[in-house]
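Shown here: coords-v8.cif, mmCIF, C-alpha atoms and all ligand atoms.
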data_upload
loop_
_atom_site.group_PDB
_atom_site.id
_atom_site.type_symbol
_atom_site.label_atom_id
_atom_site.label_comp_id
_atom_site.auth_asym_id
_atom_site.auth_seq_id
_atom_site.Cartn_x
_atom_site.Cartn_y
_atom_site.Cartn_z
ATOM 1 C CA MET A 660 0.000 0.000 0.000
ATOM 2 C CA GLU A 661 1.229 3.516 -0.717
ATOM 3 C CA ALA A 662 0.111 7.101 -0.316
ATOM 4 C CA ARG A 663 1.519 10.477 -1.228
ATOM 5 C CA ILE A 664 1.947 12.706 1.806
ATOM 6 C CA ASN A 665 2.992 16.217 0.779
ATOM 7 C CA ALA A 666 6.383 15.725 -1.021
ATOM 8 C CA CYS A 667 6.860 12.137 0.147
ATOM 9 C CA LEU A 668 5.830 8.681 -0.998
ATOM 10 C CA LEU A 669 4.854 6.631 2.055
ATOM 11 C CA THR A 670 4.651 2.877 1.538
ATOM 12 C CA LEU A 671 3.879 -0.194 3.602
ATOM 13 C CA LYS A 672 5.642 -3.419 2.586
ATOM 14 C CA ILE A 673 6.257 -6.894 3.923
ATOM 15 C CA GLY A 674 9.948 -7.736 4.068
ATOM 16 C CA ASP A 675 13.344 -7.807 5.722
ATOM 17 C CA ILE A 676 14.604 -4.307 6.453
ATOM 18 C CA THR A 677 18.279 -5.291 6.078
ATOM 19 C CA ARG A 678 17.752 -5.578 2.311
ATOM 20 C CA GLU A 679 16.377 -2.077 1.855
ATOM 21 C CA THR A 680 18.279 0.283 -0.442
ATOM 22 C CA THR A 681 17.007 3.508 1.129
ATOM 23 C CA ASP A 682 19.629 6.057 2.279
ATOM 24 C CA ALA A 683 18.996 4.953 5.864
ATOM 25 C CA ILE A 684 17.259 2.119 7.673
ATOM 26 C CA VAL A 685 16.007 2.408 11.244
ATOM 27 C CA ASN A 686 17.023 -0.123 13.891
ATOM 28 C CA ALA A 687 14.902 -1.047 16.931
ATOM 29 C CA ALA A 688 17.787 -0.740 19.392
ATOM 30 C CA ASN A 689 18.167 -0.885 23.187
ATOM 31 C CA SER A 690 19.406 2.073 25.220
ATOM 32 C CA GLY A 691 22.836 0.474 25.712
ATOM 33 C CA LEU A 692 23.231 0.189 21.901
ATOM 34 C CA ARG A 693 24.612 -3.294 22.564
ATOM 35 C CA GLY A 694 22.884 -5.189 19.775
ATOM 36 C CA GLY A 695 20.370 -7.907 20.566
ATOM 37 C CA GLY A 696 17.717 -10.047 18.904
ATOM 38 C CA GLY A 697 14.937 -9.207 16.441
ATOM 39 C CA VAL A 698 15.602 -6.534 13.886
ATOM 40 C CA ASP A 699 18.644 -5.339 15.876
ATOM 41 C CA GLY A 700 20.316 -8.738 15.578
ATOM 42 C CA ALA A 701 19.479 -8.955 11.883
ATOM 43 C CA ILE A 702 20.950 -5.503 11.162
ATOM 44 C CA HIS A 703 24.211 -6.195 13.006
ATOM 45 C CA ARG A 704 24.562 -9.614 11.356
ATOM 46 C CA ALA A 705 24.012 -8.218 7.882
ATOM 47 C CA GLY A 706 25.942 -4.960 8.398
ATOM 48 C CA GLY A 707 29.041 -6.407 10.059
ATOM 49 C CA PRO A 708 31.030 -5.398 13.171
ATOM 50 C CA ALA A 709 31.730 -1.770 12.168
ATOM 51 C CA ILE A 710 28.195 -0.767 13.185
ATOM 52 C CA LEU A 711 28.510 -2.194 16.708
ATOM 53 C CA GLU A 712 31.939 -0.572 17.039
ATOM 54 C CA GLU A 713 30.423 2.830 16.251
ATOM 55 C CA CYS A 714 27.552 2.121 18.668
ATOM 56 C CA ARG A 715 30.066 1.337 21.432
ATOM 57 C CA LYS A 716 31.722 4.709 20.914
ATOM 58 C CA ILE A 717 28.369 6.486 21.180
ATOM 59 C CA GLY A 718 27.601 4.394 24.266
ATOM 60 C CA HIS A 719 24.013 5.195 25.197
ATOM 61 C CA CYS A 720 20.697 6.361 23.777
ATOM 62 C CA PRO A 721 17.700 6.987 26.076
ATOM 63 C CA PRO A 722 14.229 5.664 25.179
ATOM 64 C CA GLY A 723 12.477 8.083 22.822
ATOM 65 C CA SER A 724 15.757 9.096 21.127
ATOM 66 C CA ALA A 725 17.850 7.982 18.170
ATOM 67 C CA VAL A 726 21.475 8.055 17.027
ATOM 68 C CA LEU A 727 23.060 7.651 13.601
ATOM 69 C CA THR A 728 25.883 5.365 12.444
ATOM 70 C CA ALA A 729 27.226 4.306 9.068
ATOM 71 C CA GLY A 730 25.607 1.274 7.453
ATOM 72 C CA GLY A 731 28.674 -0.995 7.251
ATOM 73 C CA ARG A 732 28.032 -3.720 4.664
ATOM 74 C CA LEU A 733 24.310 -2.961 4.387
ATOM 75 C CA PRO A 734 22.917 -1.558 1.141
ATOM 76 C CA ALA A 735 21.753 1.474 3.169
ATOM 77 C CA GLN A 736 24.386 4.149 3.779
ATOM 78 C CA TYR A 737 23.237 4.850 7.336
ATOM 79 C CA VAL A 738 21.534 3.136 10.249
ATOM 80 C CA ILE A 739 19.421 5.218 12.606
ATOM 81 C CA HIS A 740 19.277 3.381 15.943
ATOM 82 C CA ALA A 741 16.031 4.305 17.676
ATOM 83 C CA VAL A 742 15.067 3.220 21.175
ATOM 84 C CA GLY A 743 11.364 2.691 21.719
ATOM 85 C CA PRO A 744 9.645 2.148 25.065
ATOM 86 C CA ILE A 745 9.359 -1.181 26.825
ATOM 87 C CA TYR A 746 5.568 -1.573 27.102
ATOM 88 C CA ARG A 747 4.310 -2.092 30.655
ATOM 89 C CA ASP A 748 0.651 -1.090 31.030
ATOM 90 C CA GLY A 749 0.261 2.019 28.880
ATOM 91 C CA ARG A 750 0.511 4.322 31.907
ATOM 92 C CA HIS A 751 4.241 4.899 31.827
ATOM 93 C CA ASP A 752 4.428 7.415 28.980
ATOM 94 C CA GLU A 753 4.829 4.597 26.466
ATOM 95 C CA ALA A 754 2.847 6.432 23.750
ATOM 96 C CA LYS A 755 4.825 9.645 24.182
ATOM 97 C CA THR A 756 8.115 7.738 24.142
ATOM 98 C CA LEU A 757 7.182 5.798 21.004
ATOM 99 C CA GLU A 758 6.139 8.981 19.216
ATOM 100 C CA SER A 759 9.376 10.641 20.262
ATOM 101 C CA ALA A 760 11.457 7.699 18.969
ATOM 102 C CA TYR A 761 9.866 7.982 15.502
ATOM 103 C CA ARG A 762 10.154 11.754 15.495
ATOM 104 C CA SER A 763 13.830 11.628 16.520
ATOM 105 C CA CYS A 764 14.560 9.431 13.483
ATOM 106 C CA LEU A 765 12.880 11.902 11.150
ATOM 107 C CA VAL A 766 14.703 14.878 12.686
ATOM 108 C CA LEU A 767 18.050 13.052 12.367
ATOM 109 C CA ALA A 768 17.255 12.144 8.762
ATOM 110 C CA SER A 769 16.508 15.775 7.903
ATOM 111 C CA ARG A 770 19.668 16.956 9.652
ATOM 112 C CA HIS A 771 21.833 14.532 7.633
ATOM 113 C CA GLY A 772 20.224 15.138 4.253
ATOM 114 C CA ILE A 773 18.691 11.650 4.174
ATOM 115 C CA LYS A 774 15.999 11.567 1.495
ATOM 116 C CA SER A 775 14.774 7.986 1.844
ATOM 117 C CA LEU A 776 14.197 6.022 4.997
ATOM 118 C CA ALA A 777 12.862 2.605 6.059
ATOM 119 C CA PHE A 778 11.294 1.927 9.475
ATOM 120 C CA PRO A 779 10.498 -1.345 11.221
ATOM 121 C CA ALA A 780 7.574 -1.470 13.678
ATOM 122 C CA LEU A 781 9.488 -0.132 16.703
ATOM 123 C CA SER A 782 8.751 -1.712 20.117
ATOM 124 C CA THR A 783 6.308 -4.304 18.754
ATOM 125 C CA GLY A 784 8.549 -7.368 19.229
ATOM 126 C CA ALA A 785 10.610 -7.944 22.382
ATOM 127 C CA TYR A 786 9.361 -4.656 23.861
ATOM 128 C CA GLY A 787 5.735 -5.840 23.712
ATOM 129 C CA TYR A 788 3.866 -2.754 22.475
ATOM 130 C CA PRO A 789 0.317 -3.704 21.338
ATOM 131 C CA LEU A 790 0.505 -3.746 17.580
ATOM 132 C CA GLN A 791 -2.545 -1.727 16.635
ATOM 133 C CA GLN A 792 -1.732 1.125 19.012
ATOM 134 C CA ALA A 793 1.906 1.092 17.943
ATOM 135 C CA ALA A 794 0.915 1.202 14.264
ATOM 136 C CA ARG A 795 -1.378 4.181 14.858
ATOM 137 C CA ILE A 796 1.337 6.136 16.667
ATOM 138 C CA ALA A 797 3.963 5.244 14.058
ATOM 139 C CA LEU A 798 1.798 6.388 11.158
ATOM 140 C CA GLU A 799 0.420 9.512 12.860
ATOM 141 C CA THR A 800 3.902 10.665 13.803
ATOM 142 C CA VAL A 801 5.381 10.081 10.358
ATOM 143 C CA VAL A 802 2.427 11.596 8.473
ATOM 144 C CA SER A 803 2.387 14.655 10.697
ATOM 145 C CA TYR A 804 6.148 15.210 10.196
ATOM 146 C CA LEU A 805 5.910 14.758 6.418
ATOM 147 C CA ASN A 806 3.015 17.196 6.239
ATOM 148 C CA THR A 807 5.250 19.922 7.667
ATOM 149 C CA HIS A 808 8.616 19.002 6.049
ATOM 150 C CA ASP A 809 9.316 18.400 2.369
ATOM 151 C CA ASP A 810 12.936 17.191 2.406
ATOM 152 C CA ILE A 811 12.304 13.457 2.931
ATOM 153 C CA ARG A 812 10.979 11.915 -0.313
ATOM 154 C CA ILE A 813 10.513 8.227 0.481
ATOM 155 C CA VAL A 814 9.458 6.503 3.705
ATOM 156 C CA HIS A 815 8.847 2.761 3.828
ATOM 157 C CA PHE A 816 7.460 0.788 6.720
ATOM 158 C CA ILE A 817 8.973 -2.694 6.376
ATOM 159 C CA LEU A 818 6.711 -5.110 8.205
ATOM 160 C CA TYR A 819 8.026 -8.544 8.988
ATOM 161 C CA ASN A 820 4.868 -10.586 8.426
ATOM 162 C CA ARG A 821 1.429 -10.336 6.856
ATOM 163 C CA ASP A 822 -0.461 -9.852 10.145
ATOM 164 C CA THR A 823 1.632 -6.809 11.021
ATOM 165 C CA TYR A 824 1.246 -5.484 7.492
ATOM 166 C CA GLU A 825 -2.558 -5.848 7.616
ATOM 167 C CA ILE A 826 -2.766 -3.978 10.916
ATOM 168 C CA PHE A 827 -0.619 -1.124 9.565
ATOM 169 C CA LYS A 828 -2.725 -1.054 6.406
ATOM 170 C CA THR A 829 -5.995 -0.764 8.337
ATOM 171 C CA GLU A 830 -4.559 1.998 10.527
ATOM 172 C CA MET A 831 -3.211 3.888 7.517
ATOM 173 C CA GLN A 832 -6.558 3.707 5.712
ATOM 174 C CA SER A 833 -8.331 4.977 8.804
ATOM 175 C CA LEU A 834 -5.805 7.770 9.369
ATOM 176 C CA LEU A 835 -5.946 8.995 5.766
ATOM 177 C CA SER A 836 -9.746 8.957 5.658
ATOM 178 C CA THR A 837 -10.108 11.296 8.651
HETATM 179 N N1 LIG T 1 13.008 -6.656 9.189
HETATM 180 C C1 LIG T 1 11.892 -5.991 9.549
HETATM 181 N N2 LIG T 1 11.253 -6.204 10.712
HETATM 182 C C2 LIG T 1 11.765 -7.128 11.545
HETATM 183 C C3 LIG T 1 12.936 -7.877 11.260
HETATM 184 C C4 LIG T 1 13.572 -7.596 10.011
HETATM 185 N N3 LIG T 1 14.682 -8.230 9.632
HETATM 186 N N4 LIG T 1 13.172 -8.713 12.309
HETATM 187 C C5 LIG T 1 12.188 -8.513 13.213
HETATM 188 N N5 LIG T 1 11.331 -7.572 12.754
HETATM 189 P P1 LIG T 1 12.083 -6.198 17.812
HETATM 190 P P2 LIG T 1 11.574 -4.058 19.794
HETATM 191 C C6 LIG T 1 10.130 -7.009 13.399
HETATM 192 O O1 LIG T 1 11.946 -7.248 18.861
HETATM 193 O O2 LIG T 1 10.250 -4.632 20.136
HETATM 194 C C7 LIG T 1 16.227 -6.266 20.531
HETATM 195 O O3 LIG T 1 16.814 -7.326 21.242
HETATM 196 C C8 LIG T 1 9.482 -7.783 14.511
HETATM 197 O O4 LIG T 1 8.629 -8.782 13.976
HETATM 198 O O5 LIG T 1 13.187 -6.325 16.819
HETATM 199 O O6 LIG T 1 11.692 -2.581 19.594
HETATM 200 C C9 LIG T 1 16.888 -4.924 20.837
HETATM 201 O O7 LIG T 1 18.262 -5.071 21.121
HETATM 202 C C10 LIG T 1 8.699 -6.679 15.222
HETATM 203 O O8 LIG T 1 7.460 -6.430 14.552
HETATM 204 O O9 LIG T 1 12.262 -4.706 18.490
HETATM 205 C C11 LIG T 1 16.125 -4.438 22.027
HETATM 206 O O10 LIG T 1 16.642 -4.946 23.224
HETATM 207 C C12 LIG T 1 9.576 -5.428 15.026
HETATM 208 O O11 LIG T 1 10.527 -5.787 14.019
HETATM 209 C C13 LIG T 1 14.726 -4.965 21.790
HETATM 210 O O12 LIG T 1 14.884 -6.128 20.988
HETATM 211 C C14 LIG T 1 10.307 -4.974 16.283
HETATM 212 O O13 LIG T 1 10.691 -6.093 17.061
HETATM 213 C C15 LIG T 1 13.857 -3.990 21.044
HETATM 214 O O14 LIG T 1 12.554 -4.499 20.968
#

Written as structure tokens, how would this file's structure read?
Amino acid sequence: MEARINACLLTLKIGDITRETTDAIVNAANSGLRGGGGVDGAIHRAGGPAILEECRKIGHCPPGSAVLTAGGRLPAQYVIHAVGPIYRDGRHDEAKTLESAYRSCLVLASRHGIKSLAFPALSTGAYGYPLQQAARIALETVVSYLNTHDDIRIVHFILYNRDTYEIFKTEMQSLLST
């Protein structure tokens, strides 16, 4: 599914984010930037040790923030490591932190002249964020940024399986029809 938002083409796709050829891909990192499982593990495996080395030098990234490294052996030139919230009960600022994580990626992309960007569904794996709520926040945050900035031309959401894709699709249709 795709939609034009201001100057940007926003698409939803099923796939593996490590294969994306956008200028940057976003990693679902932890605040110690230590690598891990899920999309983080896949990115470090595919990109090689240079990415983790750069992460070690940066050292830390609080939830709701993001940092940028080179892409190592990945097709993407950069990796933006974003730290989403660990979902507890929805009463610990999880929504605000998730929104801030997405927004931080977009701000970093603009600052570094990144024109195309691919996101995974931050916090929806090991961090346990309910998928539908997470999809709504992800899409609202990205659409609202793109509506007020025209430098980023392509944003993909790369969803790992069909169920996640269908939930994002439903949320995107509902968001764009309001
Ligand atoms: N491409 C796209 N999406 C993927 C891929 C991939 N290759 N692999 C998994 N996903 P998660 P989180 C999806 O757990 O919840 C790590 O250990 C996955 O199906 O990767 O933010 C970090 O080090 C899910 O929908 O990230 C942190 O400690 C989504 O990516 C912690 O997990 C996010 O799942 C972060 O947890």

### All residues 12 Å or closer to Met660 (chain A), all atoms listed in the file, same chain fewer than 2 positions away omitted, as a ChimeraX atom specification
/A:662-663,668-673,815-818,824-832

Let me see the file: selected residues, C-alpha atoms, as a CSV table (one decimal), keeping the file's coordinate frame.
chain,number,residue,atom,x,y,z
A,662,ALA,CA,0.1,7.1,-0.3
A,663,ARG,CA,1.5,10.5,-1.2
A,668,LEU,CA,5.8,8.7,-1.0
A,669,LEU,CA,4.9,6.6,2.1
A,670,THR,CA,4.7,2.9,1.5
A,671,LEU,CA,3.9,-0.2,3.6
A,672,LYS,CA,5.6,-3.4,2.6
A,673,ILE,CA,6.3,-6.9,3.9
A,815,HIS,CA,8.8,2.8,3.8
A,816,PHE,CA,7.5,0.8,6.7
A,817,ILE,CA,9.0,-2.7,6.4
A,818,LEU,CA,6.7,-5.1,8.2
A,824,TYR,CA,1.2,-5.5,7.5
A,825,GLU,CA,-2.6,-5.8,7.6
A,826,ILE,CA,-2.8,-4.0,10.9
A,827,PHE,CA,-0.6,-1.1,9.6
A,828,LYS,CA,-2.7,-1.1,6.4
A,829,THR,CA,-6.0,-0.8,8.3
A,830,GLU,CA,-4.6,2.0,10.5
A,831,MET,CA,-3.2,3.9,7.5
A,832,GLN,CA,-6.6,3.7,5.7

### Task
Collect all residues with atoms no farther than 9 Å from ligand LIG 1 (chain T), counting all atoms listed in the file, and output them as a VMD selection string.
chain A and resid 673 to 678 686 to 702 741 to 746 778 to 788 790 816 to 820 823

### Task
Find the residues around region 755-771 of chain A up to 7 Å (all atoms listed in the file counted), leave out those fewer than 2 positions away in its own chain, and share them as an NGL selection string.
:A and (722-725 or 739 or 741-744 or 752-753 or 773 or 796-797 or 800 or 810-811)

Any chance you could work out the residue set of the PyMOL selection byres (((chain A and resi 713) around 12) and not hetatm) here, as a compact mmCIF listing (two decimals) with C-alpha atoms, in the frame of the given file?
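Just written: part.txt:
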# COMPACT_ATOMS: atom_id res chain seq x y z
CA LEU A 692 23.23 0.19 21.90
CA ARG A 693 24.61 -3.29 22.56
CA GLY A 694 22.88 -5.19 19.77
CA HIS A 703 24.21 -6.20 13.01
CA GLY A 706 25.94 -4.96 8.40
CA GLY A 707 29.04 -6.41 10.06
CA PRO A 708 31.03 -5.40 13.17
CA ALA A 709 31.73 -1.77 12.17
CA ILE A 710 28.20 -0.77 13.18
CA LEU A 711 28.51 -2.19 16.71
CA GLU A 712 31.94 -0.57 17.04
CA CYS A 714 27.55 2.12 18.67
CA ARG A 715 30.07 1.34 21.43
CA LYS A 716 31.72 4.71 20.91
CA ILE A 717 28.37 6.49 21.18
CA GLY A 718 27.60 4.39 24.27
CA HIS A 719 24.01 5.20 25.20
CA VAL A 726 21.48 8.06 17.03
CA LEU A 727 23.06 7.65 13.60
CA THR A 728 25.88 5.36 12.44
CA ALA A 729 27.23 4.31 9.07
CA GLY A 730 25.61 1.27 7.45
CA GLY A 731 28.67 -1.00 7.25
CA TYR A 737 23.24 4.85 7.34
CA VAL A 738 21.53 3.14 10.25
CA ILE A 739 19.42 5.22 12.61
CA HIS A 740 19.28 3.38 15.94

### Query
When you draw a straight line from CA of Tyr804 (chain A) to CA of Gln736 (chain A), how long is it in Å?
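Going from CA of Tyr804 (chain A) over to CA of Gln736 (chain A), I get 22.3 Å.
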
### Task
Give me, please, the distance in Å between CA of Leu776 (chain A) and CA of Arg812 (chain A), quoted to one decimal.
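Taking CA of Leu776 (chain A) as the start and CA of Arg812 (chain A) as the end point, the length is 8.6 Å.
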
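A straight line drawn from CA of Ala735 (chain A) to CA of Val801 (chain A) is 19.8 Å long.
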
Region 731-748 of chain A: axis-aligned bounding box, 8 Å on each side, centre and edge lengths in Å, one decimal, as JSON:
{"center_x": 14.7, "center_y": 0.7, "center_z": 16.1, "size_x": 44.0, "size_y": 24.9, "size_z": 45.9}

### Task
Using the chain letters and numbers from the file, give me the residues hit by the PyMOL selection byres (((chain A and resi 665) around 7) and not hetatm), as a list in words.
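That selection, the PyMOL selection byres (((chain A and resi 665) around 7) and not hetatm), comes back as Arg663, Ile664, Ala666, Cys667, Leu805, Asn806 and Asp809 of chain A.
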
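In this comparison, which uses all atoms listed in the file, the residue of A:Pro734, A:Thr681, A:Asp822, A:Leu835 approaching Gln791 (chain A) most closely is A:Asp822.
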
Is it possible to add all heavy atoms to region 687-698 of chain A and hand it back as a PDB file, in the frame of the given file?
ATOM      1  N   ALA A 687      15.590  -1.052  15.630  1.00  0.00           N
ATOM      2  CA  ALA A 687      14.902  -1.047  16.931  1.00  0.00           C
ATOM      3  C   ALA A 687      15.925  -1.470  17.977  1.00  0.00           C
ATOM      4  O   ALA A 687      16.096  -2.650  18.259  1.00  0.00           O
ATOM      5  CB  ALA A 687      13.719  -2.016  16.904  1.00  0.00           C
ATOM      6  N   ALA A 688      16.635  -0.480  18.523  1.00  0.00           N
ATOM      7  CA  ALA A 688      17.787  -0.740  19.392  1.00  0.00           C
ATOM      8  C   ALA A 688      17.386  -0.738  20.865  1.00  0.00           C
ATOM      9  O   ALA A 688      16.240  -0.442  21.216  1.00  0.00           O
ATOM     10  CB  ALA A 688      18.847   0.332  19.136  1.00  0.00           C
ATOM     11  N   ASN A 689      18.341  -1.066  21.736  1.00  0.00           N
ATOM     12  CA  ASN A 689      18.167  -0.885  23.187  1.00  0.00           C
ATOM     13  C   ASN A 689      19.015   0.306  23.633  1.00  0.00           C
ATOM     14  O   ASN A 689      19.918   0.742  22.906  1.00  0.00           O
ATOM     15  CB  ASN A 689      18.527  -2.157  23.948  1.00  0.00           C
ATOM     16  CG  ASN A 689      19.918  -2.659  23.599  1.00  0.00           C
ATOM     17  OD1 ASN A 689      20.907  -1.997  23.869  1.00  0.00           O
ATOM     18  ND2 ASN A 689      19.976  -3.816  22.942  1.00  0.00           N
ATOM     19  N   SER A 690      18.759   0.820  24.832  1.00  0.00           N
ATOM     20  CA  SER A 690      19.406   2.073  25.220  1.00  0.00           C
ATOM     21  C   SER A 690      20.913   1.915  25.447  1.00  0.00           C
ATOM     22  O   SER A 690      21.644   2.891  25.412  1.00  0.00           O
ATOM     23  CB  SER A 690      18.725   2.686  26.449  1.00  0.00           C
ATOM     24  OG  SER A 690      18.676   1.734  27.453  1.00  0.00           O
ATOM     25  N   GLY A 691      21.395   0.684  25.616  1.00  0.00           N
ATOM     26  CA  GLY A 691      22.836   0.474  25.712  1.00  0.00           C
ATOM     27  C   GLY A 691      23.510   0.329  24.354  1.00  0.00           C
ATOM     28  O   GLY A 691      24.733   0.212  24.277  1.00  0.00           O
ATOM     29  N   LEU A 692      22.731   0.341  23.281  1.00  0.00           N
ATOM     30  CA  LEU A 692      23.231   0.189  21.901  1.00  0.00           C
ATOM     31  C   LEU A 692      24.133  -1.049  21.772  1.00  0.00           C
ATOM     32  O   LEU A 692      25.147  -1.028  21.073  1.00  0.00           O
ATOM     33  CB  LEU A 692      24.000   1.456  21.469  1.00  0.00           C
ATOM     34  CG  LEU A 692      23.224   2.775  21.508  1.00  0.00           C
ATOM     35  CD1 LEU A 692      24.147   3.955  21.211  1.00  0.00           C
ATOM     36  CD2 LEU A 692      22.064   2.764  20.507  1.00  0.00           C
ATOM     37  N   ARG A 693      23.750  -2.113  22.468  1.00  0.00           N
ATOM     38  CA  ARG A 693      24.612  -3.294  22.564  1.00  0.00           C
ATOM     39  C   ARG A 693      24.320  -4.355  21.511  1.00  0.00           C
ATOM     40  O   ARG A 693      24.936  -5.411  21.503  1.00  0.00           O
ATOM     41  CB  ARG A 693      24.407  -3.970  23.929  1.00  0.00           C
ATOM     42  CG  ARG A 693      24.881  -3.172  25.121  1.00  0.00           C
ATOM     43  CD  ARG A 693      24.617  -3.963  26.402  1.00  0.00           C
ATOM     44  NE  ARG A 693      23.203  -4.340  26.516  1.00  0.00           N
ATOM     45  CZ  ARG A 693      22.263  -3.588  27.079  1.00  0.00           C
ATOM     46  NH1 ARG A 693      22.579  -2.414  27.577  1.00  0.00           N
ATOM     47  NH2 ARG A 693      21.013  -4.001  27.146  1.00  0.00           N
ATOM     48  N   GLY A 694      23.343  -4.117  20.656  1.00  0.00           N
ATOM     49  CA  GLY A 694      22.884  -5.189  19.775  1.00  0.00           C
ATOM     50  C   GLY A 694      21.958  -6.099  20.562  1.00  0.00           C
ATOM     51  O   GLY A 694      21.797  -5.930  21.775  1.00  0.00           O
ATOM     52  N   GLY A 695      21.322  -7.033  19.870  1.00  0.00           N
ATOM     53  CA  GLY A 695      20.370  -7.907  20.566  1.00  0.00           C
ATOM     54  C   GLY A 695      19.719  -8.829  19.569  1.00  0.00           C
ATOM     55  O   GLY A 695      20.330  -9.227  18.579  1.00  0.00           O
ATOM     56  N   GLY A 696      18.443  -9.161  19.809  1.00  0.00           N
ATOM     57  CA  GLY A 696      17.717 -10.047  18.904  1.00  0.00           C
ATOM     58  C   GLY A 696      16.890  -9.256  17.914  1.00  0.00           C
ATOM     59  O   GLY A 696      17.159  -8.082  17.658  1.00  0.00           O
ATOM     60  N   GLY A 697      15.882  -9.886  17.336  1.00  0.00           N
ATOM     61  CA  GLY A 697      14.937  -9.207  16.441  1.00  0.00           C
ATOM     62  C   GLY A 697      15.621  -8.468  15.312  1.00  0.00           C
ATOM     63  O   GLY A 697      16.621  -8.929  14.748  1.00  0.00           O
ATOM     64  N   VAL A 698      15.084  -7.319  15.009  1.00  0.00           N
ATOM     65  CA  VAL A 698      15.602  -6.534  13.886  1.00  0.00           C
ATOM     66  C   VAL A 698      17.015  -6.038  14.195  1.00  0.00           C
ATOM     67  O   VAL A 698      17.873  -5.955  13.307  1.00  0.00           O
ATOM     68  CB  VAL A 698      14.592  -5.415  13.532  1.00  0.00           C
ATOM     69  CG1 VAL A 698      14.537  -4.336  14.537  1.00  0.00           C
ATOM     70  CG2 VAL A 698      14.866  -4.839  12.162  1.00  0.00           C
TER      71      VAL A 698
END
